[in-house]
Every structure is written in C-alpha cells, then in structure tokens.
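Source file: start-v2.cif. Holds: mmCIF, C-alpha atoms (C1' of nucleotides).
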```
data_my_file
loop_
_atom_site.label_atom_id
_atom_site.label_comp_id
_atom_site.auth_asym_id
_atom_site.auth_seq_id
_atom_site.Cartn_x
_atom_site.Cartn_y
_atom_site.Cartn_z
CA MET A 1 44.29 -63.22 -24.89
CA GLU A 2 46.19 -66.25 -23.85
CA ASN A 3 44.66 -68.38 -21.16
CA PHE A 4 41.97 -65.78 -20.85
CA ASP A 5 39.58 -68.22 -19.24
CA THR A 6 41.60 -68.95 -16.22
CA VAL A 7 43.63 -65.89 -15.42
CA SER A 8 40.72 -63.99 -14.04
CA LEU A 9 39.13 -66.90 -12.29
CA SER A 10 39.92 -66.89 -8.66
CA PHE A 11 37.42 -67.98 -6.12
CA CYS A 12 38.15 -67.24 -2.54
CA GLY A 13 39.60 -70.63 -1.90
CA GLY A 14 42.35 -70.08 -4.40
CA THR A 15 45.48 -69.48 -2.43
CA HIS A 16 47.34 -66.76 -4.15
CA ASP A 17 49.34 -63.78 -3.06
CA HIS A 18 46.71 -61.18 -3.49
CA LYS A 19 49.05 -58.34 -2.62
CA ASN A 20 50.89 -59.29 -5.75
CA CYS A 21 47.71 -59.11 -7.79
CA VAL A 22 47.12 -55.59 -6.57
CA THR A 23 50.58 -54.42 -7.43
CA THR A 24 50.41 -55.97 -10.87
CA ALA A 25 47.02 -54.45 -11.53
CA LEU A 26 48.15 -51.00 -10.46
CA ASP A 27 51.25 -51.19 -12.61
CA GLU A 28 49.26 -52.29 -15.60
CA ALA A 29 46.72 -49.53 -15.01
CA GLU A 30 49.49 -46.98 -14.84
CA GLN A 31 50.98 -48.12 -18.14
CA LEU A 32 47.61 -48.29 -19.80
CA CYS A 33 46.62 -44.79 -18.78
CA ILE A 34 49.91 -43.41 -20.02
CA SER A 35 49.48 -45.12 -23.36
CA ARG A 36 45.96 -43.78 -23.62
CA GLY A 37 46.91 -40.28 -22.60
CA VAL A 38 44.57 -40.20 -19.62
CA ARG A 39 45.53 -39.33 -16.08
CA LEU A 40 45.55 -41.94 -13.34
CA THR A 41 45.63 -39.37 -10.57
CA ASP A 42 46.42 -40.23 -6.97
CA ALA A 43 42.76 -40.26 -6.05
CA ARG A 44 41.86 -42.56 -8.91
CA LYS A 45 44.78 -44.80 -8.25
CA ARG A 46 43.93 -45.09 -4.58
CA VAL A 47 40.34 -46.03 -5.37
CA LEU A 48 41.54 -48.63 -7.82
CA GLU A 49 43.83 -49.99 -5.17
CA LEU A 50 41.02 -50.16 -2.62
CA VAL A 51 38.80 -52.00 -5.06
CA TRP A 52 41.59 -54.45 -5.78
CA GLU A 53 42.48 -54.92 -2.15
CA SER A 54 38.98 -56.03 -1.38
CA HIS A 55 38.55 -59.74 -1.77
CA HIS A 56 34.90 -59.25 -2.57
CA PRO A 57 33.03 -56.84 -4.79
CA ILE A 58 33.13 -53.59 -2.89
CA GLY A 59 30.42 -50.94 -2.72
CA ALA A 60 31.05 -47.26 -3.36
CA TYR A 61 30.32 -46.37 0.23
CA ASP A 62 32.75 -48.94 1.54
CA VAL A 63 35.42 -47.35 -0.61
CA LEU A 64 34.27 -44.01 0.71
CA SER A 65 34.62 -44.98 4.33
CA LYS A 66 38.09 -46.38 3.80
CA LEU A 67 39.06 -43.20 2.02
CA SER A 68 37.62 -41.11 4.83
CA GLN A 69 39.57 -43.06 7.42
CA GLU A 70 42.87 -42.35 5.78
CA SER A 71 42.31 -38.91 4.28
CA GLY A 72 39.73 -37.31 6.50
CA LYS A 73 36.22 -36.43 5.47
CA THR A 74 35.52 -37.42 1.90
CA ALA A 75 32.29 -36.91 0.01
CA PRO A 76 30.49 -39.38 -2.25
CA PRO A 77 31.21 -37.56 -5.52
CA THR A 78 34.91 -38.07 -4.96
CA VAL A 79 34.44 -41.81 -5.00
CA TYR A 80 31.89 -41.95 -7.75
CA ARG A 81 34.03 -39.82 -10.03
CA ALA A 82 36.97 -42.09 -9.54
CA LEU A 83 34.84 -45.17 -10.07
CA ASP A 84 33.36 -43.68 -13.23
CA PHE A 85 36.80 -43.00 -14.59
CA LEU A 86 37.97 -46.50 -13.78
CA LEU A 87 34.87 -47.98 -15.41
CA GLU A 88 35.39 -45.92 -18.53
CA GLN A 89 38.95 -47.13 -18.77
CA GLY A 90 37.87 -50.68 -18.17
CA LEU A 91 40.02 -50.93 -15.07
CA ILE A 92 37.13 -52.11 -12.96
CA HIS A 93 33.78 -53.76 -13.57
CA ARG A 94 30.49 -52.99 -11.95
CA ILE A 95 28.39 -55.88 -10.69
CA GLU A 96 24.88 -54.64 -11.28
CA SER A 97 23.14 -57.11 -9.05
CA LEU A 98 25.31 -56.08 -6.10
CA ASN A 99 25.83 -52.37 -6.73
CA ALA A 100 29.47 -53.14 -6.27
CA PHE A 101 32.78 -53.09 -8.06
CA VAL A 102 35.64 -55.47 -8.81
CA GLY A 103 39.03 -54.96 -10.36
CA CYS A 104 39.52 -56.11 -13.90
CA SER A 105 42.60 -58.17 -14.52
CA HIS A 106 42.87 -57.61 -18.27
CA PRO A 107 41.84 -54.04 -18.84
CA ALA A 108 43.83 -53.71 -22.03
CA GLU A 109 41.25 -55.46 -24.16
CA GLU A 110 37.58 -54.68 -24.48
CA HIS A 111 35.45 -57.44 -23.12
CA SER A 112 32.32 -58.34 -21.27
CA GLY A 113 32.82 -60.97 -18.72
CA LEU A 114 30.61 -63.44 -16.99
CA PHE A 115 30.57 -62.93 -13.26
CA LEU A 116 30.10 -65.84 -10.95
CA ILE A 117 28.96 -64.61 -7.59
CA CYS A 118 28.94 -66.92 -4.62
CA LYS A 119 25.96 -66.28 -2.41
CA ASP A 120 27.72 -67.99 0.45
CA CYS A 121 31.21 -66.48 0.65
CA GLY A 122 30.42 -63.41 -1.41
CA CYS A 123 33.34 -63.76 -3.76
CA ALA A 124 33.03 -62.98 -7.44
CA ALA A 125 35.01 -64.48 -10.28
CA GLU A 126 35.19 -63.06 -13.75
CA VAL A 127 35.34 -65.63 -16.51
CA HIS A 128 35.10 -65.55 -20.26
CA ASP A 129 33.74 -67.86 -22.83
CA ALA A 130 33.73 -67.41 -26.56
CA THR A 131 30.77 -69.74 -27.01
CA ILE A 132 28.62 -67.60 -24.75
CA ASP A 133 29.76 -64.41 -26.45
CA LYS A 134 28.95 -65.86 -29.82
CA ALA A 135 25.54 -67.16 -28.79
CA ILE A 136 24.50 -63.79 -27.41
CA LEU A 137 25.84 -61.90 -30.38
CA GLU A 138 24.04 -64.17 -32.81
CA LYS A 139 20.80 -63.77 -30.95
CA THR A 140 20.92 -59.99 -30.83
CA ASP A 141 21.98 -59.82 -34.47
CA THR A 142 19.13 -62.04 -35.53
CA LEU A 143 16.70 -59.76 -33.75
CA GLY A 144 18.16 -56.64 -35.28
CA PHE A 145 19.25 -55.34 -31.91
CA LYS A 146 22.47 -53.37 -31.95
CA ALA A 147 24.20 -54.51 -28.78
CA GLU A 148 26.61 -52.14 -27.09
CA GLN A 149 27.04 -53.34 -23.59
CA ARG A 150 26.31 -56.56 -21.86
CA MET A 151 25.88 -57.71 -18.29
CA LEU A 152 25.94 -61.35 -17.35
CA GLU A 153 25.90 -62.36 -13.72
CA VAL A 154 25.25 -65.73 -12.19
CA ARG A 155 24.51 -66.27 -8.53
CA GLY A 156 25.15 -69.58 -6.90
CA LEU A 157 27.72 -71.54 -4.97
CA CYS A 158 31.38 -71.44 -5.81
CA PRO A 159 33.39 -74.68 -5.79
CA ASP A 160 34.81 -73.93 -2.34
CA CYS A 161 31.40 -73.41 -0.82
CA THR A 162 29.79 -76.40 -2.48
CA ALA A 163 32.32 -78.76 -0.98
CA MET B 1 7.18 -73.56 -24.63
CA GLU B 2 5.97 -73.08 -28.14
CA ASN B 3 7.28 -70.07 -29.98
CA PHE B 4 8.92 -69.01 -26.78
CA ASP B 5 11.37 -66.84 -28.60
CA THR B 6 8.94 -64.45 -30.10
CA VAL B 7 5.99 -64.24 -27.75
CA SER B 8 7.80 -62.10 -25.29
CA LEU B 9 9.62 -60.02 -27.82
CA SER B 10 7.92 -56.73 -28.33
CA PHE B 11 9.90 -53.63 -28.92
CA CYS B 12 8.10 -50.34 -28.70
CA GLY B 13 7.52 -50.16 -32.42
CA GLY B 14 5.46 -53.30 -32.40
CA THR B 15 1.84 -52.23 -32.78
CA HIS B 16 -0.20 -54.39 -30.52
CA ASP B 17 -3.15 -53.86 -28.27
CA HIS B 18 -1.32 -53.54 -25.02
CA LYS B 19 -4.50 -53.32 -22.99
CA ASN B 20 -5.13 -56.83 -24.12
CA CYS B 21 -1.69 -57.94 -22.96
CA VAL B 22 -2.42 -56.58 -19.52
CA THR B 23 -5.73 -58.34 -19.23
CA THR B 24 -4.26 -61.61 -20.38
CA ALA B 25 -1.35 -61.32 -17.99
CA LEU B 26 -3.61 -60.57 -15.06
CA ASP B 27 -5.88 -63.48 -15.87
CA GLU B 28 -2.95 -65.83 -16.17
CA ALA B 29 -1.49 -64.55 -12.92
CA GLU B 30 -4.78 -65.12 -11.19
CA GLN B 31 -4.99 -68.70 -12.40
CA LEU B 32 -1.40 -69.39 -11.56
CA CYS B 33 -1.69 -68.11 -8.02
CA ILE B 34 -4.79 -70.17 -7.43
CA SER B 35 -3.07 -73.29 -8.69
CA ARG B 36 -0.10 -72.58 -6.49
CA GLY B 37 -2.19 -71.84 -3.44
CA VAL B 38 -0.81 -68.33 -2.99
CA ARG B 39 -2.85 -65.17 -2.70
CA LEU B 40 -2.88 -62.57 -5.41
CA THR B 41 -4.37 -59.91 -3.20
CA ASP B 42 -5.82 -56.65 -4.51
CA ALA B 43 -2.65 -54.77 -3.67
CA ARG B 44 -0.45 -57.30 -5.44
CA LYS B 45 -2.75 -57.49 -8.41
CA ARG B 46 -2.85 -53.72 -8.74
CA VAL B 47 0.95 -53.51 -8.65
CA LEU B 48 1.20 -56.22 -11.28
CA GLU B 49 -1.27 -54.28 -13.40
CA LEU B 50 0.72 -51.07 -13.03
CA VAL B 51 3.91 -52.84 -14.05
CA TRP B 52 2.20 -54.31 -17.06
CA GLU B 53 0.54 -51.05 -18.06
CA SER B 54 3.91 -49.38 -18.27
CA HIS B 55 5.43 -49.67 -21.69
CA HIS B 56 8.87 -49.44 -20.20
CA PRO B 57 10.50 -51.04 -17.21
CA ILE B 58 9.01 -49.20 -14.26
CA GLY B 59 10.73 -48.26 -11.02
CA ALA B 60 9.35 -49.06 -7.59
CA TYR B 61 8.86 -45.41 -6.81
CA ASP B 62 6.93 -44.82 -10.01
CA VAL B 63 4.62 -47.62 -9.02
CA LEU B 64 4.44 -46.02 -5.61
CA SER B 65 3.41 -42.62 -6.91
CA LYS B 66 0.69 -44.09 -9.12
CA LEU B 67 -0.56 -46.04 -6.17
CA SER B 68 -0.53 -42.95 -3.99
CA GLN B 69 -2.50 -41.01 -6.57
CA GLU B 70 -5.31 -43.48 -6.59
CA SER B 71 -5.33 -44.77 -3.04
CA GLY B 72 -3.94 -41.91 -0.97
CA LYS B 73 -0.68 -41.97 0.87
CA THR B 74 1.22 -45.18 0.35
CA ALA B 75 4.59 -46.10 1.81
CA PRO B 76 7.52 -47.81 0.07
CA PRO B 77 7.20 -51.14 1.88
CA THR B 78 3.75 -51.61 0.41
CA VAL B 79 5.17 -51.52 -3.08
CA TYR B 80 8.31 -53.48 -2.34
CA ARG B 81 6.36 -56.24 -0.66
CA ALA B 82 4.10 -56.59 -3.64
CA LEU B 83 7.06 -56.52 -6.01
CA ASP B 84 8.86 -59.15 -3.95
CA PHE B 85 5.84 -61.39 -4.08
CA LEU B 86 5.49 -60.96 -7.82
CA LEU B 87 9.17 -61.69 -8.31
CA GLU B 88 8.96 -64.82 -6.21
CA GLN B 89 6.05 -66.03 -8.28
CA GLY B 90 7.86 -65.19 -11.49
CA LEU B 91 5.11 -62.80 -12.51
CA ILE B 92 7.56 -59.98 -13.07
CA HIS B 93 11.26 -59.66 -13.74
CA ARG B 94 13.67 -57.18 -12.27
CA ILE B 95 16.06 -55.41 -14.61
CA GLU B 96 19.12 -54.99 -12.45
CA SER B 97 20.84 -52.38 -14.55
CA LEU B 98 17.78 -50.15 -14.38
CA ASN B 99 16.46 -50.89 -10.92
CA ALA B 100 13.17 -51.44 -12.61
CA PHE B 101 10.57 -54.09 -13.28
CA VAL B 102 8.75 -55.59 -16.24
CA GLY B 103 5.88 -58.00 -16.52
CA CYS B 104 6.69 -61.56 -17.46
CA SER B 105 4.54 -63.02 -20.19
CA HIS B 106 5.11 -66.69 -19.43
CA PRO B 107 5.26 -66.94 -15.66
CA ALA B 108 4.16 -70.55 -15.61
CA GLU B 109 7.58 -71.90 -16.46
CA GLU B 110 10.84 -71.21 -14.71
CA HIS B 111 13.22 -69.34 -16.89
CA SER B 112 15.90 -66.71 -17.06
CA GLY B 113 15.49 -64.40 -19.94
CA LEU B 114 17.80 -62.18 -21.89
CA PHE B 115 16.72 -58.58 -21.69
CA LEU B 116 17.38 -56.26 -24.57
CA ILE B 117 17.24 -52.71 -23.34
CA CYS B 118 17.11 -49.86 -25.80
CA LYS B 119 19.10 -46.91 -24.57
CA ASP B 120 17.20 -44.66 -26.93
CA CYS B 121 13.52 -45.40 -26.42
CA GLY B 122 13.91 -47.13 -23.09
CA CYS B 123 11.93 -50.21 -24.01
CA ALA B 124 12.96 -53.65 -22.87
CA ALA B 125 12.29 -56.93 -24.61
CA GLU B 126 12.61 -60.31 -23.00
CA VAL B 127 13.89 -63.03 -25.28
CA HIS B 128 15.07 -66.58 -24.81
CA ASP B 129 17.61 -68.71 -26.47
CA ALA B 130 18.46 -72.29 -25.71
CA THR B 131 21.96 -71.95 -27.15
CA ILE B 132 22.79 -69.16 -24.73
CA ASP B 133 21.30 -71.07 -21.81
CA LYS B 134 23.31 -74.12 -22.72
CA ALA B 135 26.56 -72.23 -23.18
CA ILE B 136 26.26 -70.58 -19.78
CA LEU B 137 25.29 -73.79 -18.07
CA GLU B 138 28.20 -75.66 -19.59
CA LYS B 139 30.61 -72.98 -18.52
CA THR B 140 29.46 -72.87 -14.94
CA ASP B 141 29.38 -76.65 -14.75
CA THR B 142 32.90 -76.90 -16.07
CA LEU B 143 34.08 -74.51 -13.39
CA GLY B 144 32.28 -76.37 -10.64
CA PHE B 145 30.04 -73.43 -9.94
CA LYS B 146 26.55 -74.35 -8.88
CA ALA B 147 24.41 -71.77 -10.67
CA GLU B 148 21.10 -70.83 -9.14
CA GLN B 149 20.10 -67.56 -10.64
CA ARG B 150 21.19 -65.61 -13.63
CA MET B 151 20.81 -62.17 -15.08
CA LEU B 152 21.62 -61.28 -18.64
CA GLU B 153 21.01 -57.78 -19.89
CA VAL B 154 22.16 -56.15 -23.08
CA ARG B 155 22.04 -52.42 -23.67
CA GLY B 156 21.95 -51.07 -27.17
CA LEU B 157 19.60 -49.90 -29.87
CA CYS B 158 16.39 -51.71 -30.69
CA PRO B 159 15.44 -52.27 -34.33
CA ASP B 160 13.05 -49.31 -34.30
CA CYS B 161 15.67 -46.93 -32.99
CA THR B 162 18.42 -48.12 -35.30
CA ALA B 163 16.34 -47.37 -38.38
"C1'" DT C 1 56.80 -17.80 -17.65
"C1'" DT C 2 52.69 -15.71 -17.13
"C1'" DT C 3 48.13 -16.37 -18.79
"C1'" DA C 4 44.17 -18.76 -20.45
"C1'" DA C 5 41.73 -22.96 -21.01
"C1'" DT C 6 40.76 -27.43 -19.36
"C1'" DT C 7 40.57 -30.98 -16.18
"C1'" DT C 8 40.22 -32.51 -11.67
"C1'" DT C 9 38.82 -32.10 -7.03
"C1'" DG C 10 36.16 -30.04 -3.02
"C1'" DT C 11 31.76 -29.07 -0.96
"C1'" DT C 12 26.95 -28.79 -0.01
"C1'" DA C 13 22.79 -30.34 -0.81
"C1'" DT C 14 19.53 -33.40 -2.40
"C1'" DG C 15 17.58 -37.15 -5.18
"C1'" DT C 16 16.70 -42.09 -5.63
"C1'" DT C 17 16.26 -46.82 -4.21
"C1'" DA C 18 15.43 -50.09 -0.47
"C1'" DT C 19 14.69 -52.10 4.14
"C1'" DA C 20 14.22 -52.56 9.44
"C1'" DA C 21 11.10 -52.73 13.05
"C1'" DC C 22 6.93 -52.89 15.06
"C1'" DA C 23 1.70 -52.11 15.12
"C1'" DT C 24 -2.66 -53.34 13.10
"C1'" DT C 25 -5.77 -55.64 10.28
"C1'" DT C 26 -7.46 -59.35 7.49
"C1'" DA C 27 -8.19 -64.10 6.07
"C1'" DC C 28 -8.74 -68.76 7.14
"C1'" DA C 29 -8.83 -72.86 9.57
"C1'" DA C 30 -9.44 -75.29 13.88
"C1'" DT D 1 -15.55 -67.69 17.36
"C1'" DT D 2 -11.42 -67.58 18.28
"C1'" DG D 3 -6.57 -68.52 17.62
"C1'" DT D 4 -2.99 -68.36 14.17
"C1'" DA D 5 -0.73 -66.97 10.27
"C1'" DA D 6 -0.44 -63.91 6.53
"C1'" DA D 7 -0.77 -59.45 4.82
"C1'" DT D 8 -0.78 -54.58 5.31
"C1'" DG D 9 0.03 -50.01 7.63
"C1'" DT D 10 3.30 -46.81 9.56
"C1'" DT D 11 7.44 -44.54 10.94
"C1'" DA D 12 11.97 -44.16 10.52
"C1'" DT D 13 16.22 -44.76 8.43
"C1'" DA D 14 19.70 -47.14 5.61
"C1'" DA D 15 22.05 -47.53 1.23
"C1'" DC D 16 23.13 -45.88 -3.28
"C1'" DA D 17 23.88 -41.95 -6.45
"C1'" DT D 18 24.06 -37.30 -8.64
"C1'" DA D 19 23.26 -32.08 -9.40
"C1'" DA D 20 25.31 -27.79 -9.05
"C1'" DC D 21 28.68 -24.74 -8.24
"C1'" DA D 22 33.35 -23.30 -6.15
"C1'" DA D 23 38.23 -23.94 -5.89
"C1'" DA D 24 42.48 -25.85 -7.14
"C1'" DA D 25 45.69 -28.16 -10.12
"C1'" DT D 26 47.35 -29.29 -14.59
"C1'" DT D 27 48.36 -28.40 -19.27
"C1'" DA D 28 48.85 -25.77 -23.40
"C1'" DA D 29 49.46 -21.44 -25.59
"C1'" DA D 30 51.06 -16.89 -25.95
#
```
Please lay out the structure from this file as structure tokens.
Amino acid sequence: MENFDTVSLSFCGGTHDHKNCVTTALDEAEQLCISRGVRLTDARKRVLELVWESHHPIGAYDVLSKLSQESGKTAPPTVYRALDFLLEQGLIHRIESLNAFVGCSHPAEEHSGLFLICKDCGCAAEVHDATIDKAILEKTDTLGFKAEQRMLEVRGLCPDCTA
Amino acid sequence: MENFDTVSLSFCGGTHDHKNCVTTALDEAEQLCISRGVRLTDARKRVLELVWESHHPIGAYDVLSKLSQESGKTAPPTVYRALDFLLEQGLIHRIESLNAFVGCSHPAEEHSGLFLICKDCGCAAEVHDATIDKAILEKTDTLGFKAEQRMLEVRGLCPDCTA
DNA sequence: TTTAATTTTGTTATGTTATAACATTTACAA
DNA sequence: TTGTAAATGTTATAACATAACAAAATTAAA
C-alpha cells in the first residue's frame, strides 16, 4: 500500500490525464475480476467506465441516462445491478451523503476511505489515514461493537476552492 | 461535556425508561429554542417527539404516517420542514446510510458524532471520541481541506446482538 | 455437443425518499 | 390593527431504488 495517502487524492484542480486514470482503472478491474473468478461483463465494465469518466461522484440515474443515450432505452435495474456488482468487488465506492458513486483506485485491497467532498466544485477525493482507522477501531472495540463497514465523509471546501 | 462518551450510548439492550428520555429531550429542546430565539412550534415539537419515541432511527415517511394517523392527512413537506428545522437546531441527527433520523441527546453543543448501527437489531448509538475527531481534523488540515461537516457511521453488530 | 444448471440481462411495475412552487394561515412587532 | 415575516397547507412531481418474473447467455456436466 505504498503511497496510499496520495495516490487516490485528486481534487479537481489537480491537472492529470484523467483518460489515463480510466484506462488504468479498467485494466486493473479486468485483472482483478479474472483473478477472483468473477465476470466483468460488458455492461458492468461500461458502467465502471462511466463512473470513472465522471469527474464528480455520479448518481445512478446519470449513469442510466448516459447508458440510454448510447444503447437505447435502459431500465434502472440494469444500472443498479452493475453498481451493486462493482460495489461488492470494491471497484467503486458509494458516497452515502450524495447517493452517488466514485471509482476506487486501489480495489485490490479492502479498505474504508475518508471522502472529502467539496461543496463548491462538487469533487470528491478519497484519502486514507491509519491514525483515523485505528482511532475508530479502538473506539468500537472498547464498546464491544463488532464493526463491519464504515462510512466517513467530510463536506467542506477543497484546496482549489478555498484559494 | 461531562461523560459525553456514555450519555448518548444506549444500545437496545440497555434497560432504561425511554419515556423519561423523551420528556427530558423535549424539555431541553424547548429551553434551547427559547434561548436561541427560534420557535419550537407544535408541529416541530410533535415530530421531535415521534423521532425520540422511536427506538430505532426513523424514516421521514414513518413520521409522516404517524402524523397522518393522529392529525388526518399530512403531506411530506410538513414532515421534511420540521425535520430540517430540527436538524438545523441540532436536535436530531440524520443517519445518511439509512435515510433516517435519531434524536440528539446533547443538542446544546455543536458536535459530530459517530453512529454505531446494528445491522441485526437496527438500533443506533451515538458516541463521541476526541481521538477520532482530532485524527480527522489533522488529516483534513494537512490536505488543505476546510472541513465543515462530517458524517461517520459504522455498521456492524452491537454488543447485545453479538452475544 | 447437446443438455441442464446457473448467471446475467431485459422488462414492467411499483415502492421509497425528497423537493418545487404557490396558496393560506398564523404570529409578532410596528 | 395592520403590515410583515414566518410557518403551514396543498398539489404536483422529481429523484432514488427494488420486486418480480421472463428471456437470454454462459458455463459445466453428461
């Protein structure tokens, strides 16, 4: 998990070749699914691509409308099934406070990120921090609560929008 | 903020007189609204009471149906307006991952809690931890992200359901 | 390689959560 | 007491999500 903190941090201002990100993510997803013996079908792959192509967290119905544009009438279950699969495989994350989805840039390892959501530009960055993880784990352990899944989202202003 | 950690922690198994909790919460809300110069109208107070009376996080439409039962036909905006007011005043919290609401037992002070949600019994406990708060704050600061609002929810099994 | 079982996708309908827009009433202060 | 602002009522609709069952595609087994 080398440089785990920074790899997934990319506010909107960061100038990077996003097309490259998408390709990399798709390739990695492909490999991962093969190694896990699950099927990254065309539909699933296309949804993953659409999520990645979006520079912001994207809602299910936005995915749906893009899908409908290119493939003709598509129904909600098509999208939700694909999203569910991608979530299960850790290929995307769901931002609860937005009802929206973002690509995950390190799907190989289990993790719960911290999502920084800019209320101004709408971008979301996934970051990780061992200190936070530890603090939460210790707290739940102390209380005898068996944690399984965690959601941590912070709204505010990203560096680009503060400036 | 004496004993802040434990006051708001009450999993379902905890045997306490919940009716008492409700009364206390309503009284405190009343006082708080007076001191803030905002109006805790009958509608708002009744919604707060309904939220508190529920032993689990309660959805807006559950509040709505209870309200309709006792007051005749009621429309969604009535409930959402009351909920919005209560959220603004910190009298309730919204659990994002459940689209549901819980009463807040210490509305006088600004805070962001950690919600422990039992996937078995459905109860939700609000806890606080300075170490977690600090870790998150330090992380966001380091990244130059100006945090304004935070949600932290953990799904798992509460002590009563693990046993 | 045909068949059977399983997984994935298509389709229709509906359930659930939330808000926009505008009319009416209520509270309170000038 | 009347003007103003806040709160509520009302209708309609937007936004998010899933149930249920049919059809097709994939895979494994015979």
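For the pair CA of Leu152 in chain B and CA of Leu40 in chain B, the separation is 27.9 Å.
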Item checked: Nearest-residue call for DG3 in chain D, choices C:DA29, C:DA4, C:DA23, C:DA18, using only C-alpha atoms (C1' of nucleotides) ->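 Checking each of C:DA29, C:DA4, C:DA23, C:DA18 against DG3 in chain D, counting only C-alpha atoms (C1' of nucleotides), the winner is C:DA29.
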Using the chain letters and numbering of this document, enumerate as a compact mmCIF listing (two decimals) with C-alpha atoms, in the frame of the given file the residues selected by the PyMOL selection byres ((chain B) within 12 of (chain C)).
```txt
# COMPACT_ATOMS: atom_id res chain seq x y z
CA ARG B 39 -2.85 -65.17 -2.70
CA THR B 41 -4.37 -59.91 -3.20
CA GLY B 59 10.73 -48.26 -11.02
CA ALA B 60 9.35 -49.06 -7.59
CA TYR B 61 8.86 -45.41 -6.81
CA ASP B 62 6.93 -44.82 -10.01
CA LEU B 64 4.44 -46.02 -5.61
CA ALA B 75 4.59 -46.10 1.81
CA PRO B 76 7.52 -47.81 0.07
CA PRO B 77 7.20 -51.14 1.88
CA THR B 78 3.75 -51.61 0.41
CA VAL B 79 5.17 -51.52 -3.08
CA TYR B 80 8.31 -53.48 -2.34
CA ARG B 81 6.36 -56.24 -0.66
CA LEU B 83 7.06 -56.52 -6.01
CA ASP B 84 8.86 -59.15 -3.95
CA GLU B 96 19.12 -54.99 -12.45
CA LEU B 98 17.78 -50.15 -14.38
CA ASN B 99 16.46 -50.89 -10.92
CA ALA B 100 13.17 -51.44 -12.61
```
Check: So how far away is CA of Lys119 in chain A from C1' of DA7 in chain D, in Å?
Finding: 28.5 Å
Margin query: Translate the PyMOL selection byres ((chain B) within 7 of (chain A)) into a concrete residue list for this structure, as a ChimeraX atom specification.
Written below: /B:96-97,131-132,135-136,144-159
Next item on the list: Could you check how far CA of Leu86 in chain B sits from CA of Asp17 in chain B, in Å to one decimal?
Entry: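 Between these atoms lies a distance of 23.3 Å.
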Distance cut-off 12 Å, counting all atoms listed in the file - which residues of chain D neighbour chain B? Return them as a short mmCIF file (atom, residue, chain, number, x, y, z; two decimals) with C-alpha atoms (C1' of nucleotides), in the frame of the given file.
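Okay, this is what ended up in selection31.cif:
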```
data_model
loop_
_atom_site.label_atom_id
_atom_site.label_comp_id
_atom_site.auth_asym_id
_atom_site.auth_seq_id
_atom_site.Cartn_x
_atom_site.Cartn_y
_atom_site.Cartn_z
"C1'" DA D 6 -0.44 -63.91 6.53
"C1'" DA D 7 -0.77 -59.45 4.82
"C1'" DT D 8 -0.78 -54.58 5.31
"C1'" DG D 9 0.03 -50.01 7.63
"C1'" DT D 10 3.30 -46.81 9.56
"C1'" DT D 11 7.44 -44.54 10.94
"C1'" DA D 12 11.97 -44.16 10.52
"C1'" DC D 16 23.13 -45.88 -3.28
#
```
